[in-house]
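One structure is given below, encoded as structure tokens.
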Amino acid sequence: MNSVASKRLFQEYKHLTTDPPDGITAGPVNEDDLFIWEALIQGPEGTPYEGGIFPAELKFPKDYPLMPPTMKFTCDIWHPNVYPNGVVCISILHPPGDDPNHYEQASERWSPIQSVEKILISVMSMIAEPNDESPANVDAARMWRERRQEFERRVKADVRRSLGL
Amino acid sequence: MAESSLSSINIPQILAVALVGFFAIRWFMSKPSAPGNNASSSSRRGQQVDLTKVEQVAAMFPQLDRRTIAWDLHRNGQSVGATTERVLSGQGLDNPPPSYQPHLPSPNQQAPAVGVSAGTRKDGTRNEDLITRYGLQGRVGGKGKEAELSEEQKRSAWSSDKAARAEGLKKRRDEMILQARRRMEAKESGA
């Protein structure tokens with residue numbers, strides 16, 4: 001039993017169950033392994049993602065919360081900061097310390113005082129407001145910048161399809 | 001006097017015996033891991049597997065055991081071409097001896113490596129809609145109002161029972177998806 005990480009993850013699970021943030025459902029896929037979670041994030045209102053539900057998988061390292069988990073959407077999501085394979089690129093998921101490229105403040109990056117809840121809320125606001133500076137999906141970023149209407153049409157079509165309509 | 005001289009002779013003797021014994025054991029231990037094949041050192045080299053090559057072959061022939069592939073690569077000097085040829089010629093690969101135990105990651109862990117097969121599997125689920133993926137087909141389109149969760153129910157209580165917690169999480173997840181679907185349907189029929 002990996003006690004520190006497991007205890008902390010269990011506490012976070014409990015907190016997210018009893019007091020979940022709006023539009024977020026998250027928990028371990030199977031309680032026997034607390035290091036793999038599934039999260040559902042609702043598309044933020046007033047964005048082309050509105051109405052959609054985006055499932056993602058979170059994988060925690062054994063030395064959590066010292067090191068951050070990785071997060072990967074398991075659905076199609078056309079977004080400048082999500083790699084085509086679903087991996088999310090956001091500063092809160094980057095290991096602690098200063099960014100060697102000086103793009104990000106140390107305070108934006110992962111630290112043990114962050115939490116799963118904060119990650120999911122950050123990802124939700126990232127969905128609403130893409131960060132154009134360090135695109136993970138270059139094609140999506142270019143479309144977002146240059147052909148916004150086409151970008152929104154594509155996202156809306158994905159959302160509709162994901163709901164089986 | 002006699003006793004002390006005896007012991008002063010014995011210590012180096014014991015050391016020598018221990019040393020000889022150690023090398024003898026090492027020699028015996030390393031010997032059986034290379035049955036038939038030439039030098040004992042080759043078996044140690046053989047345990048180091050070129051994983052990318054094993055994956056390449058495994059991607060082409062998913063029915064083959066990775067250990068078998070590694071063994072064939074080990075014997076033909078890590079040639080992917082020769083192993084592929086051999087499988088395609090219908091000859092089949094020899095079973096590796098039981099002593100051949102290379103370090104191969106378990107199939108679940110190596111998904112992101114090369115995995116042509118893993119890639120297609122992932123894509124399969126990615127393209128699936130949520131209703132299909134979570135098995136909710138039976139619950140859409142029925143009675144339009146499946147009682148939306150009240151604020152009270154959303155803050156689901158923390159159960160002390162593991163199964164009840166898992167059930168609660170699944171229920172909240174399903175409800176979230178179904179609710180999104182109902183809203184989208186309502187919006188489209190309203191528009």
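By order in the structure tokens, chains are A, B, ...; within a chain, residues start at 1; ligands start at 1, following the order shown.
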
Contact set, chain A to chain B: 8 Å, only C-alpha atoms, as number ranges by chain: A: 14, 17-20, 25-27, 30-31, 40, 51-53, 74-76, 160-164

Residues near range 55-70 of chain A, cut-off 9 Å, only C-alpha atoms, skip fewer than 4 positions along chain, as a ChimeraX atom specification: /A:2,4-6,8-9,28-29,34-42,74-75,86-88,92-96,110-116 /B:130

Generate the output file for the selected residues, N, CA, C and O atoms, as a short mmCIF file (atom, residue, chain, number, x, y, z; two decimals), in the first residue's frame.
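Result went into result-v7.cif, see below:
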```cif
data_model
loop_
_atom_site.label_atom_id
_atom_site.label_comp_id
_atom_site.auth_asym_id
_atom_site.auth_seq_id
_atom_site.Cartn_x
_atom_site.Cartn_y
_atom_site.Cartn_z
N ASN A 2 0.65 2.04 -0.97
CA ASN A 2 1.42 3.27 -1.07
C ASN A 2 0.69 4.33 -0.27
O ASN A 2 -0.15 5.05 -0.78
N VAL A 4 0.94 7.36 1.48
CA VAL A 4 0.75 8.81 1.37
C VAL A 4 -0.09 9.17 0.16
O VAL A 4 -1.11 9.86 0.25
N ALA A 5 0.31 8.65 -0.99
CA ALA A 5 -0.40 8.96 -2.23
C ALA A 5 -1.83 8.44 -2.18
O ALA A 5 -2.78 9.15 -2.52
N SER A 6 -1.99 7.20 -1.71
CA SER A 6 -3.34 6.62 -1.68
C SER A 6 -4.26 7.39 -0.75
O SER A 6 -5.41 7.66 -1.09
N ARG A 8 -4.07 10.46 0.23
CA ARG A 8 -4.38 11.77 -0.32
C ARG A 8 -5.42 11.64 -1.45
O ARG A 8 -6.38 12.40 -1.51
N LEU A 9 -5.24 10.65 -2.34
CA LEU A 9 -6.18 10.47 -3.44
C LEU A 9 -7.56 10.10 -2.93
O LEU A 9 -8.58 10.54 -3.45
N PRO A 28 -11.95 7.45 -9.07
CA PRO A 28 -11.15 6.33 -9.58
C PRO A 28 -12.00 5.41 -10.44
O PRO A 28 -13.18 5.19 -10.14
N VAL A 29 -11.39 4.88 -11.49
CA VAL A 29 -12.10 3.94 -12.37
C VAL A 29 -12.50 2.72 -11.55
O VAL A 29 -13.59 2.18 -11.69
N LEU A 34 -6.27 3.35 -6.92
CA LEU A 34 -6.62 4.77 -6.80
C LEU A 34 -5.79 5.66 -7.72
O LEU A 34 -5.99 6.87 -7.75
N PHE A 35 -4.87 5.07 -8.48
CA PHE A 35 -3.97 5.89 -9.28
C PHE A 35 -4.48 6.12 -10.70
O PHE A 35 -3.81 6.76 -11.49
N ILE A 36 -5.63 5.56 -11.04
CA ILE A 36 -6.23 5.82 -12.35
C ILE A 36 -7.65 6.32 -12.15
O ILE A 36 -8.48 5.63 -11.57
N TRP A 37 -7.87 7.54 -12.61
CA TRP A 37 -9.20 8.14 -12.46
C TRP A 37 -9.81 8.40 -13.82
O TRP A 37 -9.12 8.55 -14.81
N GLU A 38 -11.13 8.53 -13.76
CA GLU A 38 -11.83 9.04 -14.94
C GLU A 38 -12.55 10.31 -14.52
O GLU A 38 -13.15 10.36 -13.44
N ALA A 39 -12.47 11.31 -15.38
CA ALA A 39 -13.16 12.56 -15.08
C ALA A 39 -14.04 12.94 -16.26
O ALA A 39 -13.66 12.72 -17.41
N LEU A 40 -15.21 13.47 -15.96
CA LEU A 40 -16.06 14.02 -17.02
C LEU A 40 -16.11 15.53 -16.81
O LEU A 40 -16.35 16.00 -15.71
N ILE A 41 -15.84 16.25 -17.87
CA ILE A 41 -15.89 17.70 -17.79
C ILE A 41 -16.94 18.21 -18.76
O ILE A 41 -16.96 17.81 -19.93
N GLN A 42 -17.77 19.07 -18.26
CA GLN A 42 -18.82 19.64 -19.09
C GLN A 42 -18.25 20.81 -19.87
O GLN A 42 -17.47 21.60 -19.32
N THR A 74 -10.24 11.06 -23.52
CA THR A 74 -10.47 9.80 -24.22
C THR A 74 -11.54 9.98 -25.29
O THR A 74 -12.16 9.03 -25.72
N CYS A 75 -11.77 11.23 -25.66
CA CYS A 75 -12.73 11.49 -26.74
C CYS A 75 -12.05 12.43 -27.72
O CYS A 75 -10.98 12.95 -27.44
N GLY A 86 -5.01 13.35 -27.44
CA GLY A 86 -5.84 13.56 -26.26
C GLY A 86 -5.11 14.11 -25.04
O GLY A 86 -5.75 14.54 -24.07
N VAL A 87 -3.78 14.07 -25.05
CA VAL A 87 -3.03 14.53 -23.88
C VAL A 87 -3.19 16.05 -23.70
O VAL A 87 -3.11 16.81 -24.66
N VAL A 88 -3.45 16.44 -22.47
CA VAL A 88 -3.70 17.84 -22.17
C VAL A 88 -2.39 18.55 -21.85
O VAL A 88 -1.57 18.04 -21.09
N ILE A 92 -0.51 23.69 -15.08
CA ILE A 92 -0.70 23.08 -13.76
C ILE A 92 -0.31 21.60 -13.76
O ILE A 92 -0.04 21.02 -12.70
N LEU A 93 -0.21 21.01 -14.93
CA LEU A 93 0.20 19.60 -15.00
C LEU A 93 1.70 19.44 -15.20
O LEU A 93 2.20 18.34 -15.36
N HIS A 94 2.43 20.55 -15.20
CA HIS A 94 3.87 20.46 -15.39
C HIS A 94 4.58 20.36 -14.05
O HIS A 94 4.16 20.98 -13.08
N PRO A 95 5.64 19.56 -13.99
CA PRO A 95 6.33 19.32 -12.72
C PRO A 95 6.74 20.63 -12.05
O PRO A 95 6.91 21.64 -12.72
N PRO A 96 6.88 20.59 -10.73
CA PRO A 96 7.17 21.81 -9.99
C PRO A 96 8.50 22.43 -10.39
O PRO A 96 9.35 21.77 -10.99
N TRP A 110 2.61 22.70 -11.26
CA TRP A 110 2.15 21.80 -10.21
C TRP A 110 2.92 22.01 -8.91
O TRP A 110 4.13 22.25 -8.92
N SER A 111 2.20 21.92 -7.82
CA SER A 111 2.85 21.83 -6.52
C SER A 111 1.89 21.05 -5.64
O SER A 111 0.70 20.97 -5.93
N PRO A 112 2.40 20.46 -4.54
CA PRO A 112 1.52 19.61 -3.74
C PRO A 112 0.31 20.33 -3.14
O PRO A 112 -0.62 19.66 -2.68
N ILE A 113 0.32 21.67 -3.16
CA ILE A 113 -0.88 22.33 -2.63
C ILE A 113 -2.00 22.40 -3.67
O ILE A 113 -3.10 22.80 -3.36
N GLN A 114 -1.70 22.04 -4.90
CA GLN A 114 -2.76 21.96 -5.90
C GLN A 114 -3.56 20.67 -5.64
O GLN A 114 -3.24 19.91 -4.72
N SER A 115 -4.56 20.43 -6.46
CA SER A 115 -5.39 19.24 -6.25
C SER A 115 -6.03 18.83 -7.56
O SER A 115 -5.97 19.56 -8.55
N VAL A 116 -6.66 17.66 -7.53
CA VAL A 116 -7.37 17.18 -8.72
C VAL A 116 -8.45 18.20 -9.09
O VAL A 116 -8.65 18.53 -10.25
N LEU B 130 -20.67 8.83 -26.58
CA LEU B 130 -20.69 8.54 -25.14
C LEU B 130 -21.82 7.60 -24.77
O LEU B 130 -21.69 6.78 -23.86
#
```

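Between CA of Ala128 in chain A and CA of His79 in chain A the interatomic distance comes to 9.8 Å.
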
Could you write out, as an NGL selection string, all the residues of chain A that DSSP marks as alpha helix (DSSP H)? :A and (3-18 or 116-128 or 138-146 or 148-162)

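Each of A:Ser91, A:Asn85, A:Asn131, A:Gln11 was checked against Arg145 in chain A using only C-alpha atoms; the smallest atom-to-atom distance is that of A:Asn131.
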
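In this comparison, which uses only C-alpha atoms, the residue of B:Ala24, B:Ala164, B:Leu15, B:Leu51 approaching Leu104 in chain B most closely is B:Leu51.
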
Can you work out the spacing between CA of Val123 in chain A and CA of Asp158 in chain A in Å, to one decimal? 18.4 Å
